[in-house]
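Colleague: work-v1.tsv (TSV, N, CA and C atoms) pasted underneath:
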chain	number	residue	atom	x	y	z
A	25	MET	N	19.70	-5.62	-8.65
A	25	MET	CA	18.53	-4.77	-8.70
A	25	MET	C	18.20	-4.28	-7.29
A	26	ALA	N	17.82	-3.04	-7.18
A	26	ALA	CA	17.43	-2.45	-5.90
A	26	ALA	C	16.11	-3.06	-5.43
A	27	GLN	N	15.98	-3.16	-4.11
A	27	GLN	CA	14.75	-3.70	-3.55
A	27	GLN	C	14.58	-3.15	-2.14
A	28	ALA	N	13.32	-2.93	-1.73
A	28	ALA	CA	13.02	-2.45	-0.39
A	28	ALA	C	11.58	-2.81	-0.06
A	29	SER	N	11.27	-2.85	1.23
A	29	SER	CA	9.89	-3.09	1.62
A	29	SER	C	9.60	-2.43	2.95
A	30	TRP	N	8.32	-2.14	3.17
A	30	TRP	CA	7.85	-1.52	4.40
A	30	TRP	C	6.57	-2.18	4.83
A	31	THR	N	6.39	-2.33	6.13
A	31	THR	CA	5.18	-2.92	6.69
A	31	THR	C	4.71	-2.07	7.85
A	32	THR	N	3.42	-1.76	7.88
A	32	THR	CA	2.82	-1.04	9.00
A	32	THR	C	1.67	-1.88	9.52
A	33	THR	N	1.74	-2.23	10.80
A	33	THR	CA	0.69	-3.03	11.43
A	33	THR	C	-0.27	-2.12	12.18
A	34	GLY	N	-1.43	-2.66	12.53
A	34	GLY	CA	-2.39	-1.91	13.33
A	34	GLY	C	-2.98	-0.71	12.65
A	35	VAL	N	-3.19	-0.80	11.34
A	35	VAL	CA	-3.81	0.29	10.59
A	35	VAL	C	-5.31	0.03	10.57
A	36	PHE	N	-6.07	0.84	11.29
A	36	PHE	CA	-7.52	0.65	11.33
A	36	PHE	C	-8.14	1.42	10.17
A	37	ALA	N	-8.77	0.68	9.27
A	37	ALA	CA	-9.37	1.29	8.08
A	37	ALA	C	-10.53	2.20	8.48
A	38	GLY	N	-10.56	3.37	7.89
A	38	GLY	CA	-11.66	4.29	8.11
A	38	GLY	C	-12.94	3.78	7.46
A	39	ARG	N	-14.03	4.45	7.74
A	39	ARG	CA	-15.34	4.08	7.20
A	39	ARG	C	-15.25	3.93	5.67
A	40	GLY	N	-15.71	2.82	5.17
A	40	GLY	CA	-15.66	2.55	3.73
A	40	GLY	C	-14.46	1.71	3.34
A	41	GLY	N	-13.52	1.50	4.26
A	41	GLY	CA	-12.40	0.59	4.08
A	41	GLY	C	-11.48	0.89	2.92
A	42	VAL	N	-10.86	-0.18	2.44
A	42	VAL	CA	-9.90	-0.11	1.34
A	42	VAL	C	-10.30	-1.10	0.27
A	43	CYS	N	-10.23	-0.68	-0.99
A	43	CYS	CA	-10.59	-1.54	-2.12
A	43	CYS	C	-9.41	-2.42	-2.49
A	44	THR	N	-9.70	-3.71	-2.68
A	44	THR	CA	-8.66	-4.64	-3.09
A	44	THR	C	-9.09	-5.36	-4.36
A	45	ASP	N	-8.11	-5.89	-5.08
A	45	ASP	CA	-8.40	-6.61	-6.31
A	45	ASP	C	-9.06	-7.96	-6.04
A	46	GLU	N	-8.61	-8.66	-5.00
A	46	GLU	CA	-9.08	-10.02	-4.77
A	46	GLU	C	-10.21	-10.12	-3.76
A	47	GLY	N	-10.25	-9.24	-2.78
A	47	GLY	CA	-11.20	-9.39	-1.68
A	47	GLY	C	-12.27	-8.33	-1.60
A	48	GLY	N	-12.41	-7.53	-2.64
A	48	GLY	CA	-13.38	-6.43	-2.57
A	48	GLY	C	-12.93	-5.41	-1.54
A	49	THR	N	-13.87	-4.88	-0.79
A	49	THR	CA	-13.55	-3.90	0.24
A	49	THR	C	-13.24	-4.61	1.54
A	50	VAL	N	-12.10	-4.26	2.14
A	50	VAL	CA	-11.75	-4.82	3.44
A	50	VAL	C	-11.74	-3.70	4.46
A	51	THR	N	-12.11	-4.04	5.68
A	51	THR	CA	-12.22	-3.06	6.75
A	51	THR	C	-11.61	-3.64	8.03
A	52	GLY	N	-11.52	-2.81	9.03
A	52	GLY	CA	-11.05	-3.27	10.34
A	52	GLY	C	-9.57	-3.04	10.55
A	53	ASP	N	-8.97	-3.88	11.40
A	53	ASP	CA	-7.57	-3.79	11.79
A	53	ASP	C	-6.73	-4.49	10.73
A	54	LEU	N	-5.92	-3.72	10.01
A	54	LEU	CA	-5.18	-4.23	8.86
A	54	LEU	C	-3.68	-4.04	9.02
A	55	THR	N	-2.94	-4.83	8.26
A	55	THR	CA	-1.50	-4.65	8.09
A	55	THR	C	-1.29	-4.26	6.64
A	56	LEU	N	-0.47	-3.23	6.41
A	56	LEU	CA	-0.20	-2.73	5.06
A	56	LEU	C	1.25	-3.00	4.74
A	57	HIS	N	1.51	-3.55	3.55
A	57	HIS	CA	2.87	-3.90	3.15
A	57	HIS	C	3.13	-3.37	1.74
A	58	THR	N	4.27	-2.70	1.57
A	58	THR	CA	4.68	-2.17	0.28
A	58	THR	C	6.03	-2.76	-0.08
A	59	THR	N	6.17	-3.28	-1.29
A	59	THR	CA	7.46	-3.75	-1.78
A	59	THR	C	7.83	-2.96	-3.02
A	60	TRP	N	9.11	-2.66	-3.13
A	60	TRP	CA	9.64	-1.92	-4.28
A	60	TRP	C	10.72	-2.76	-4.93
A	61	ASP	N	10.61	-2.98	-6.23
A	61	ASP	CA	11.55	-3.84	-6.95
A	61	ASP	C	12.59	-3.06	-7.75
A	62	GLY	N	12.66	-1.76	-7.51
A	62	GLY	CA	13.58	-0.92	-8.27
A	62	GLY	C	12.89	-0.12	-9.35
A	63	ARG	N	11.67	-0.51	-9.69
A	63	ARG	CA	10.89	0.19	-10.71
A	63	ARG	C	9.44	0.40	-10.31
A	64	HIS	N	8.88	-0.56	-9.58
A	64	HIS	CA	7.46	-0.51	-9.21
A	64	HIS	C	7.28	-0.80	-7.73
A	65	ALA	N	6.26	-0.16	-7.17
A	65	ALA	CA	5.87	-0.45	-5.79
A	65	ALA	C	4.55	-1.20	-5.83
A	66	ARG	N	4.49	-2.26	-5.04
A	66	ARG	CA	3.28	-3.06	-4.92
A	66	ARG	C	2.77	-2.92	-3.50
A	67	VAL	N	1.49	-2.60	-3.37
A	67	VAL	CA	0.89	-2.35	-2.06
A	67	VAL	C	-0.18	-3.41	-1.80
A	68	ALA	N	-0.10	-4.02	-0.61
A	68	ALA	CA	-1.05	-5.07	-0.24
A	68	ALA	C	-1.48	-4.87	1.20
A	69	VAL	N	-2.66	-5.40	1.53
A	69	VAL	CA	-3.16	-5.38	2.91
A	69	VAL	C	-3.59	-6.77	3.31
A	70	GLN	N	-3.62	-6.99	4.61
A	70	GLN	CA	-4.18	-8.23	5.15
A	70	GLN	C	-4.86	-7.88	6.46
A	71	TYR	N	-5.83	-8.70	6.82
A	71	TYR	CA	-6.41	-8.54	8.15
A	71	TYR	C	-5.30	-8.89	9.14
A	72	SER	N	-5.06	-8.04	10.11
A	72	SER	CA	-3.98	-8.27	11.07
A	72	SER	C	-4.14	-9.64	11.71
A	73	GLY	N	-3.04	-10.37	11.75
A	73	GLY	CA	-3.04	-11.69	12.36
A	73	GLY	C	-3.41	-12.82	11.42
A	74	THR	N	-3.64	-12.52	10.14
A	74	THR	CA	-3.96	-13.57	9.17
A	74	THR	C	-2.82	-13.70	8.17
A	75	SER	N	-2.92	-14.65	7.26
A	75	SER	CA	-1.83	-14.87	6.31
A	75	SER	C	-2.19	-14.52	4.87
A	76	THR	N	-3.42	-14.14	4.60
A	76	THR	CA	-3.85	-13.84	3.23
A	76	THR	C	-3.66	-12.36	2.92
A	77	TRP	N	-2.92	-12.10	1.84
A	77	TRP	CA	-2.69	-10.72	1.39
A	77	TRP	C	-3.63	-10.39	0.24
A	78	PHE	N	-4.09	-9.14	0.19
A	78	PHE	CA	-4.93	-8.63	-0.88
A	78	PHE	C	-4.23	-7.44	-1.52
A	79	THR	N	-4.18	-7.41	-2.85
A	79	THR	CA	-3.58	-6.30	-3.58
A	79	THR	C	-4.50	-5.09	-3.48
A	80	VAL	N	-3.95	-3.95	-3.05
A	80	VAL	CA	-4.73	-2.72	-2.99
A	80	VAL	C	-4.99	-2.24	-4.42
A	81	ALA	N	-6.24	-1.89	-4.70
A	81	ALA	CA	-6.61	-1.43	-6.04
A	81	ALA	C	-5.70	-0.28	-6.47
A	82	GLY	N	-5.21	-0.37	-7.70
A	82	GLY	CA	-4.31	0.65	-8.23
A	82	GLY	C	-2.85	0.24	-8.16
A	83	SER	N	-2.55	-0.88	-7.54
A	83	SER	CA	-1.19	-1.38	-7.42
A	83	SER	C	-0.93	-2.37	-8.55
A	84	PRO	N	0.28	-2.42	-9.11
A	84	PRO	CA	1.49	-1.70	-8.75
A	84	PRO	C	1.52	-0.30	-9.36
A	85	VAL	N	2.46	0.48	-8.84
A	85	VAL	CA	2.64	1.87	-9.26
A	85	VAL	C	4.11	2.07	-9.61
A	86	SER	N	4.39	2.77	-10.70
A	86	SER	CA	5.78	3.10	-11.04
A	86	SER	C	6.36	4.00	-9.97
A	87	CYS	N	7.55	3.64	-9.49
A	87	CYS	CA	8.26	4.44	-8.49
A	87	CYS	C	9.73	4.48	-8.87
A	88	ALA	N	10.29	5.67	-8.95
A	88	ALA	CA	11.66	5.85	-9.41
A	88	ALA	C	12.71	5.53	-8.36
A	89	SER	N	12.36	5.57	-7.08
A	89	SER	CA	13.38	5.37	-6.04
A	89	SER	C	12.76	4.74	-4.80
A	90	ALA	N	13.64	4.24	-3.95
A	90	ALA	CA	13.19	3.69	-2.67
A	90	ALA	C	12.51	4.78	-1.84
A	91	GLN	N	13.03	5.99	-1.88
A	91	GLN	CA	12.42	7.09	-1.13
A	91	GLN	C	11.01	7.36	-1.63
A	92	ASP	N	10.82	7.35	-2.94
A	92	ASP	CA	9.49	7.56	-3.51
A	92	ASP	C	8.53	6.46	-3.05
A	93	SER	N	9.01	5.22	-3.04
A	93	SER	CA	8.13	4.13	-2.64
A	93	SER	C	7.84	4.18	-1.14
A	94	ARG	N	8.78	4.68	-0.34
A	94	ARG	CA	8.52	4.86	1.10
A	94	ARG	C	7.44	5.92	1.31
A	95	GLN	N	7.52	6.99	0.53
A	95	GLN	CA	6.49	8.03	0.62
A	95	GLN	C	5.14	7.49	0.16
A	96	LEU	N	5.15	6.65	-0.87
A	96	LEU	CA	3.92	6.01	-1.33
A	96	LEU	C	3.33	5.15	-0.22
A	97	HIS	N	4.17	4.38	0.46
A	97	HIS	CA	3.69	3.53	1.56
A	97	HIS	C	3.00	4.38	2.62
A	98	GLN	N	3.62	5.47	3.02
A	98	GLN	CA	3.02	6.32	4.06
A	98	GLN	C	1.72	6.94	3.58
A	99	ALA	N	1.68	7.36	2.31
A	99	ALA	CA	0.44	7.91	1.75
A	99	ALA	C	-0.66	6.85	1.72
A	100	ALA	N	-0.28	5.60	1.44
A	100	ALA	CA	-1.26	4.51	1.43
A	100	ALA	C	-1.79	4.24	2.83
A	101	VAL	N	-0.91	4.28	3.84
A	101	VAL	CA	-1.35	4.11	5.23
A	101	VAL	C	-2.38	5.17	5.57
A	102	GLU	N	-2.09	6.42	5.23
A	102	GLU	CA	-3.01	7.52	5.51
A	102	GLU	C	-4.33	7.35	4.76
A	103	ALA	N	-4.26	6.88	3.52
A	103	ALA	CA	-5.48	6.67	2.73
A	103	ALA	C	-6.35	5.58	3.35
A	104	VAL	N	-5.72	4.49	3.80
A	104	VAL	CA	-6.48	3.41	4.44
A	104	VAL	C	-7.14	3.92	5.72
A	105	ARG	N	-6.40	4.68	6.51
A	105	ARG	CA	-6.97	5.24	7.74
A	105	ARG	C	-8.15	6.16	7.44
A	106	ALA	N	-8.09	6.86	6.31
A	106	ALA	CA	-9.18	7.76	5.92
A	106	ALA	C	-10.39	6.97	5.42
A	107	GLY	N	-10.15	5.78	4.86
A	107	GLY	CA	-11.25	4.95	4.37
A	107	GLY	C	-11.82	5.45	3.07
A	108	GLY	N	-13.13	5.34	2.95
A	108	GLY	CA	-13.81	5.82	1.74
A	108	GLY	C	-13.51	4.99	0.51
A	109	GLY	N	-13.23	3.69	0.69
A	109	GLY	CA	-12.87	2.86	-0.46
A	109	GLY	C	-11.49	3.20	-0.98
A	110	ALA	N	-10.54	3.36	-0.07
A	110	ALA	CA	-9.18	3.78	-0.41
A	110	ALA	C	-8.57	2.88	-1.47
A	111	THR	N	-7.78	3.51	-2.34
A	111	THR	CA	-6.97	2.82	-3.34
A	111	THR	C	-5.55	3.36	-3.20
A	112	VAL	N	-4.62	2.85	-4.01
A	112	VAL	CA	-3.26	3.35	-3.96
A	112	VAL	C	-3.26	4.81	-4.38
A	113	PRO	N	-2.73	5.69	-3.53
A	113	PRO	CA	-2.70	7.12	-3.88
A	113	PRO	C	-1.84	7.37	-5.12
A	114	ARG	N	-2.25	8.34	-5.89
A	114	ARG	CA	-1.49	8.76	-7.08
A	114	ARG	C	-1.34	10.27	-7.04
A	115	GLY	N	-0.34	10.76	-7.75
A	115	GLY	CA	-0.19	12.21	-7.85
A	115	GLY	C	1.16	12.68	-7.34
A	116	ASP	N	1.29	13.98	-7.18
A	116	ASP	CA	2.56	14.60	-6.83
A	116	ASP	C	3.12	14.15	-5.50
A	117	LYS	N	2.26	13.76	-4.56
A	117	LYS	CA	2.72	13.32	-3.25
A	117	LYS	C	3.63	12.10	-3.31
A	118	SER	N	3.54	11.36	-4.41
A	118	SER	CA	4.26	10.11	-4.51
A	118	SER	C	5.72	10.30	-4.89
A	119	GLY	N	6.08	11.51	-5.31
A	119	GLY	CA	7.46	11.70	-5.74
A	119	GLY	C	7.74	11.07	-7.09
A	120	GLY	N	6.82	11.19	-8.03
A	120	GLY	CA	7.10	10.76	-9.38
A	120	GLY	C	6.37	9.51	-9.85
A	121	ARG	N	5.36	9.08	-9.16
A	121	ARG	CA	4.59	7.94	-9.65
A	121	ARG	C	3.85	8.36	-10.91
A	122	THR	N	3.56	7.37	-11.74
A	122	THR	CA	2.76	7.66	-12.93
A	122	THR	C	1.49	6.86	-12.93
For this file, produce the structure as structure tokens.
Modeller:
Amino acid sequence: MAQASWTTTGVFAGRGGVCTDEGGTVTGDLTLHTTWDGRHARVAVQYSGTSTWFTVAGSPVSCASAQDSRQLHQAAVEAVRAGGGATVPRGDKSGGRT
């Protein structure tokens, strides 16, 4: 089975932070991690320098390819930087997410 992952450190959440399933809204200096299992991408964040991961609201997302999941990861980084209670982005930008 295909698998891939991406991690971006030093992502400062914009005003309003990012919504997570386990931790509510998180803000500040975050690390964002996306894993793709060949069918779905899972997006999580953690406070930089800590060990606890929080699932970003809206994750997992169907992704047809590693390239699609890489694009999803970058869109999620941009959404977290924008803040406003960011969730996993959906739509045409994802390259086929549903």
Colleague: Do you have the atom CA of A:Ala26-atom CA of A:Ser72 distance handy?
Modeller: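 Result for atom CA of A:Ala26 versus atom CA of A:Ser72: 27.9 Å, one decimal.
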Colleague: Enumerate, as a list in words, the protein, DNA and RNA residues whose atoms approach (-2.0, -2.5, 8.9) to within 7 Å, taking into account all atoms listed in the file and the coordinate frame of the file.
Modeller: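 Result, sorted by chain then residue number: Thr31, Thr32, Thr33, Gly34, Val35, Phe36, Asp53, Leu54, Thr55, Leu56, His57, Val69, Gln70 and Ser72 of chain A.
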Colleague: For the selection just defined, write its residues with N, CA and C atoms to a file, as a PDB file, in the frame of the given file.
Modeller:
ATOM      1  N   THR A  31       6.390  -2.330   6.130  1.00  0.00           N
ATOM      2  CA  THR A  31       5.180  -2.920   6.690  1.00  0.00           C
ATOM      3  C   THR A  31       4.710  -2.070   7.850  1.00  0.00           C
ATOM      4  N   THR A  32       3.420  -1.760   7.880  1.00  0.00           N
ATOM      5  CA  THR A  32       2.820  -1.040   9.000  1.00  0.00           C
ATOM      6  C   THR A  32       1.670  -1.880   9.520  1.00  0.00           C
ATOM      7  N   THR A  33       1.740  -2.230  10.800  1.00  0.00           N
ATOM      8  CA  THR A  33       0.690  -3.030  11.430  1.00  0.00           C
ATOM      9  C   THR A  33      -0.270  -2.120  12.180  1.00  0.00           C
ATOM     10  N   GLY A  34      -1.430  -2.660  12.530  1.00  0.00           N
ATOM     11  CA  GLY A  34      -2.390  -1.910  13.330  1.00  0.00           C
ATOM     12  C   GLY A  34      -2.980  -0.710  12.650  1.00  0.00           C
ATOM     13  N   VAL A  35      -3.190  -0.800  11.340  1.00  0.00           N
ATOM     14  CA  VAL A  35      -3.810   0.290  10.590  1.00  0.00           C
ATOM     15  C   VAL A  35      -5.310   0.030  10.570  1.00  0.00           C
ATOM     16  N   PHE A  36      -6.070   0.840  11.290  1.00  0.00           N
ATOM     17  CA  PHE A  36      -7.520   0.650  11.330  1.00  0.00           C
ATOM     18  C   PHE A  36      -8.140   1.420  10.170  1.00  0.00           C
ATOM     19  N   ASP A  53      -8.970  -3.880  11.400  1.00  0.00           N
ATOM     20  CA  ASP A  53      -7.570  -3.790  11.790  1.00  0.00           C
ATOM     21  C   ASP A  53      -6.730  -4.490  10.730  1.00  0.00           C
ATOM     22  N   LEU A  54      -5.920  -3.720  10.010  1.00  0.00           N
ATOM     23  CA  LEU A  54      -5.180  -4.230   8.860  1.00  0.00           C
ATOM     24  C   LEU A  54      -3.680  -4.040   9.020  1.00  0.00           C
ATOM     25  N   THR A  55      -2.940  -4.830   8.260  1.00  0.00           N
ATOM     26  CA  THR A  55      -1.500  -4.650   8.090  1.00  0.00           C
ATOM     27  C   THR A  55      -1.290  -4.260   6.640  1.00  0.00           C
ATOM     28  N   LEU A  56      -0.470  -3.230   6.410  1.00  0.00           N
ATOM     29  CA  LEU A  56      -0.200  -2.730   5.060  1.00  0.00           C
ATOM     30  C   LEU A  56       1.250  -3.000   4.740  1.00  0.00           C
ATOM     31  N   HIS A  57       1.510  -3.550   3.550  1.00  0.00           N
ATOM     32  CA  HIS A  57       2.870  -3.900   3.150  1.00  0.00           C
ATOM     33  C   HIS A  57       3.130  -3.370   1.740  1.00  0.00           C
ATOM     34  N   VAL A  69      -2.660  -5.400   1.530  1.00  0.00           N
ATOM     35  CA  VAL A  69      -3.160  -5.380   2.910  1.00  0.00           C
ATOM     36  C   VAL A  69      -3.590  -6.770   3.310  1.00  0.00           C
ATOM     37  N   GLN A  70      -3.620  -6.990   4.610  1.00  0.00           N
ATOM     38  CA  GLN A  70      -4.180  -8.230   5.150  1.00  0.00           C
ATOM     39  C   GLN A  70      -4.860  -7.880   6.460  1.00  0.00           C
ATOM     40  N   SER A  72      -5.060  -8.040  10.110  1.00  0.00           N
ATOM     41  CA  SER A  72      -3.980  -8.270  11.070  1.00  0.00           C
ATOM     42  C   SER A  72      -4.140  -9.640  11.710  1.00  0.00           C
TER      43      SER A  72
END
Colleague: When DSSP is applied to the backbone of this structure, which of stretch 63-102 of chain A are assigned strand (DSSP E)? Write them out as a list in words.
Modeller: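 Checking each residue of stretch 63-102 of chain A, the strand (DSSP E) ones are His64, Ala65, Arg66, Val67, Ala68, Val69, Gln70, Tyr71, Phe78, Thr79, Val85 and Ser86 of chain A.
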Colleague: Rank A:Tyr71, A:Gln98, A:Arg105, A:Arg63 by their smallest atom-to-atom distance to A:Ser86, using only N, CA and C atoms, and report the top residue only.
Modeller: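 Checking each candidate against A:Ser86, we get A:Arg63 as the closest.
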Colleague: For A:Ala37, please output as a ChimeraX atom specification all residues within 8 Å (counting all atoms listed in the file; exclusion window: fewer than 3 positions along the same chain).
Modeller: /A:34,40-42,50-54,103-108
Colleague: Tell me, in Å to one decimal, how far atom C of A:Gly38 is from atom C of A:Ala110.
Modeller: 10.0 Å
Colleague: Please indicate the distance in Å from atom C of A:Thr111 to atom CA of A:Ser83, rounded to one decimal place.
Modeller: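 Computing the Euclidean distance for atom C of A:Thr111 and atom CA of A:Ser83 yields 7.7 Å.
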Colleague: For A:His97, list every protein, DNA or RNA residue within 7 Å, evaluated using only N, CA and C atoms, and leave out those in the same chain fewer than 4 positions away; present the list as a list in words.
Modeller: His57, Thr58, Asp92, Ser93, Val101 and Glu102 of chain A
Colleague: Could you write out that same residue set with N, CA and C atoms as an mmCIF file, keeping the file's coordinate frame?
Modeller:
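out_0.cif was written with the following content:
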data_model
loop_
_atom_site.group_PDB
_atom_site.id
_atom_site.type_symbol
_atom_site.label_atom_id
_atom_site.label_comp_id
_atom_site.auth_asym_id
_atom_site.auth_seq_id
_atom_site.Cartn_x
_atom_site.Cartn_y
_atom_site.Cartn_z
ATOM 1 N N HIS A 57 1.510 -3.550 3.550
ATOM 2 C CA HIS A 57 2.870 -3.900 3.150
ATOM 3 C C HIS A 57 3.130 -3.370 1.740
ATOM 4 N N THR A 58 4.270 -2.700 1.570
ATOM 5 C CA THR A 58 4.680 -2.170 0.280
ATOM 6 C C THR A 58 6.030 -2.760 -0.080
ATOM 7 N N ASP A 92 10.820 7.350 -2.940
ATOM 8 C CA ASP A 92 9.490 7.560 -3.510
ATOM 9 C C ASP A 92 8.530 6.460 -3.050
ATOM 10 N N SER A 93 9.010 5.220 -3.040
ATOM 11 C CA SER A 93 8.130 4.130 -2.640
ATOM 12 C C SER A 93 7.840 4.180 -1.140
ATOM 13 N N VAL A 101 -0.910 4.280 3.840
ATOM 14 C CA VAL A 101 -1.350 4.110 5.230
ATOM 15 C C VAL A 101 -2.380 5.170 5.570
ATOM 16 N N GLU A 102 -2.090 6.420 5.230
ATOM 17 C CA GLU A 102 -3.010 7.520 5.510
ATOM 18 C C GLU A 102 -4.330 7.350 4.760
#
Colleague: Identify which of the residues A:Ser89, A:Glu46, A:Thr79, A:Arg114 lies closest to A:Val67, counting only C-alpha atoms when measuring atom-to-atom distances.
Modeller: A:Thr79
Colleague: So for stretch 57-60 of chain A, what box centre and size do we get, axis-aligned, 5 Å extra on each of the six sides, every listed atom, Å to one decimal, as AutoDock Vina command-line options?
Modeller:
--center_x 6.1 --center_y -2.9 --center_z -0.7 --size_x 19.2 --size_y 12.0 --size_z 18.5
Colleague: Output as a list in words all residues of chain A that backbone DSSP marks as alpha helix (DSSP H).
Modeller: Ala90, Gln91, Asp92, Ser93, Arg94, Gln95, Leu96, His97, Gln98, Ala99, Ala100, Val101, Glu102, Ala103, Val104, Arg105 and Ala106 of chain A
Colleague: Please write the residues from the selection above to a file, keeping N, CA and C atoms, as a compact mmCIF listing (two decimals), keeping the file's coordinate frame.
Modeller:
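This is the output file result24.txt:
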# COMPACT_ATOMS: atom_id res chain seq x y z
N ALA A 90 13.64 4.24 -3.95
CA ALA A 90 13.19 3.69 -2.67
C ALA A 90 12.51 4.78 -1.84
N GLN A 91 13.03 5.99 -1.88
CA GLN A 91 12.42 7.09 -1.13
C GLN A 91 11.01 7.36 -1.63
N ASP A 92 10.82 7.35 -2.94
CA ASP A 92 9.49 7.56 -3.51
C ASP A 92 8.53 6.46 -3.05
N SER A 93 9.01 5.22 -3.04
CA SER A 93 8.13 4.13 -2.64
C SER A 93 7.84 4.18 -1.14
N ARG A 94 8.78 4.68 -0.34
CA ARG A 94 8.52 4.86 1.10
C ARG A 94 7.44 5.92 1.31
N GLN A 95 7.52 6.99 0.53
CA GLN A 95 6.49 8.03 0.62
C GLN A 95 5.14 7.49 0.16
N LEU A 96 5.15 6.65 -0.87
CA LEU A 96 3.92 6.01 -1.33
C LEU A 96 3.33 5.15 -0.22
N HIS A 97 4.17 4.38 0.46
CA HIS A 97 3.69 3.53 1.56
C HIS A 97 3.00 4.38 2.62
N GLN A 98 3.62 5.47 3.02
CA GLN A 98 3.02 6.32 4.06
C GLN A 98 1.72 6.94 3.58
N ALA A 99 1.68 7.36 2.31
CA ALA A 99 0.44 7.91 1.75
C ALA A 99 -0.66 6.85 1.72
N ALA A 100 -0.28 5.60 1.44
CA ALA A 100 -1.26 4.51 1.43
C ALA A 100 -1.79 4.24 2.83
N VAL A 101 -0.91 4.28 3.84
CA VAL A 101 -1.35 4.11 5.23
C VAL A 101 -2.38 5.17 5.57
N GLU A 102 -2.09 6.42 5.23
CA GLU A 102 -3.01 7.52 5.51
C GLU A 102 -4.33 7.35 4.76
N ALA A 103 -4.26 6.88 3.52
CA ALA A 103 -5.48 6.67 2.73
C ALA A 103 -6.35 5.58 3.35
N VAL A 104 -5.72 4.49 3.80
CA VAL A 104 -6.48 3.41 4.44
C VAL A 104 -7.14 3.92 5.72
N ARG A 105 -6.40 4.68 6.51
CA ARG A 105 -6.97 5.24 7.74
C ARG A 105 -8.15 6.16 7.44
N ALA A 106 -8.09 6.86 6.31
CA ALA A 106 -9.18 7.76 5.92
C ALA A 106 -10.39 6.97 5.42
Colleague: Applying 7 Å and only N, CA and C atoms, which residues near A:Pro113 remain after dropping the ones on its own chain fewer than 5 positions away? List them as an mmCIF file with N, CA and C atoms, in the coordinates of the input.
Modeller:
data_model
loop_
_atom_site.group_PDB
_atom_site.id
_atom_site.type_symbol
_atom_site.label_atom_id
_atom_site.label_comp_id
_atom_site.auth_asym_id
_atom_site.auth_seq_id
_atom_site.Cartn_x
_atom_site.Cartn_y
_atom_site.Cartn_z
ATOM 1 N N LEU A 96 5.150 6.650 -0.870
ATOM 2 C CA LEU A 96 3.920 6.010 -1.330
ATOM 3 C C LEU A 96 3.330 5.150 -0.220
ATOM 4 N N ALA A 99 1.680 7.360 2.310
ATOM 5 C CA ALA A 99 0.440 7.910 1.750
ATOM 6 C C ALA A 99 -0.660 6.850 1.720
ATOM 7 N N ALA A 100 -0.280 5.600 1.440
ATOM 8 C CA ALA A 100 -1.260 4.510 1.430
ATOM 9 C C ALA A 100 -1.790 4.240 2.830
ATOM 10 N N ALA A 103 -4.260 6.880 3.520
ATOM 11 C CA ALA A 103 -5.480 6.670 2.730
ATOM 12 C C ALA A 103 -6.350 5.580 3.350
ATOM 13 N N SER A 118 3.540 11.360 -4.410
ATOM 14 C CA SER A 118 4.260 10.110 -4.510
ATOM 15 C C SER A 118 5.720 10.300 -4.890
#
Colleague: As a PDB file with N, CA and C atoms, in the frame of the given file, please: the residues near A:Arg94 (cut-off 10 Å, only C-alpha atoms, same-chain neighbours under 6 positions excluded).
Modeller:
ATOM      1  N   ALA A  28      13.320  -2.930  -1.730  1.00  0.00           N
ATOM      2  CA  ALA A  28      13.020  -2.450  -0.390  1.00  0.00           C
ATOM      3  C   ALA A  28      11.580  -2.810  -0.060  1.00  0.00           C
ATOM      4  N   SER A  29      11.270  -2.850   1.230  1.00  0.00           N
ATOM      5  CA  SER A  29       9.890  -3.090   1.620  1.00  0.00           C
ATOM      6  C   SER A  29       9.600  -2.430   2.950  1.00  0.00           C
ATOM      7  N   TRP A  30       8.320  -2.140   3.170  1.00  0.00           N
ATOM      8  CA  TRP A  30       7.850  -1.520   4.400  1.00  0.00           C
ATOM      9  C   TRP A  30       6.570  -2.180   4.830  1.00  0.00           C
ATOM     10  N   THR A  58       4.270  -2.700   1.570  1.00  0.00           N
ATOM     11  CA  THR A  58       4.680  -2.170   0.280  1.00  0.00           C
ATOM     12  C   THR A  58       6.030  -2.760  -0.080  1.00  0.00           C
ATOM     13  N   THR A  59       6.170  -3.280  -1.290  1.00  0.00           N
ATOM     14  CA  THR A  59       7.460  -3.750  -1.780  1.00  0.00           C
ATOM     15  C   THR A  59       7.830  -2.960  -3.020  1.00  0.00           C
ATOM     16  N   TRP A  60       9.110  -2.660  -3.130  1.00  0.00           N
ATOM     17  CA  TRP A  60       9.640  -1.920  -4.280  1.00  0.00           C
ATOM     18  C   TRP A  60      10.720  -2.760  -4.930  1.00  0.00           C
ATOM     19  N   ALA A  65       6.260  -0.160  -7.170  1.00  0.00           N
ATOM     20  CA  ALA A  65       5.870  -0.450  -5.790  1.00  0.00           C
ATOM     21  C   ALA A  65       4.550  -1.200  -5.830  1.00  0.00           C
ATOM     22  N   CYS A  87       7.550   3.640  -9.490  1.00  0.00           N
ATOM     23  CA  CYS A  87       8.260   4.440  -8.490  1.00  0.00           C
ATOM     24  C   CYS A  87       9.730   4.480  -8.870  1.00  0.00           C
ATOM     25  N   ALA A 100      -0.280   5.600   1.440  1.00  0.00           N
ATOM     26  CA  ALA A 100      -1.260   4.510   1.430  1.00  0.00           C
ATOM     27  C   ALA A 100      -1.790   4.240   2.830  1.00  0.00           C
ATOM     28  N   SER A 118       3.540  11.360  -4.410  1.00  0.00           N
ATOM     29  CA  SER A 118       4.260  10.110  -4.510  1.00  0.00           C
ATOM     30  C   SER A 118       5.720  10.300  -4.890  1.00  0.00           C
ATOM     31  N   GLY A 119       6.080  11.510  -5.310  1.00  0.00           N
ATOM     32  CA  GLY A 119       7.460  11.700  -5.740  1.00  0.00           C
ATOM     33  C   GLY A 119       7.740  11.070  -7.090  1.00  0.00           C
TER      34      GLY A 119
END
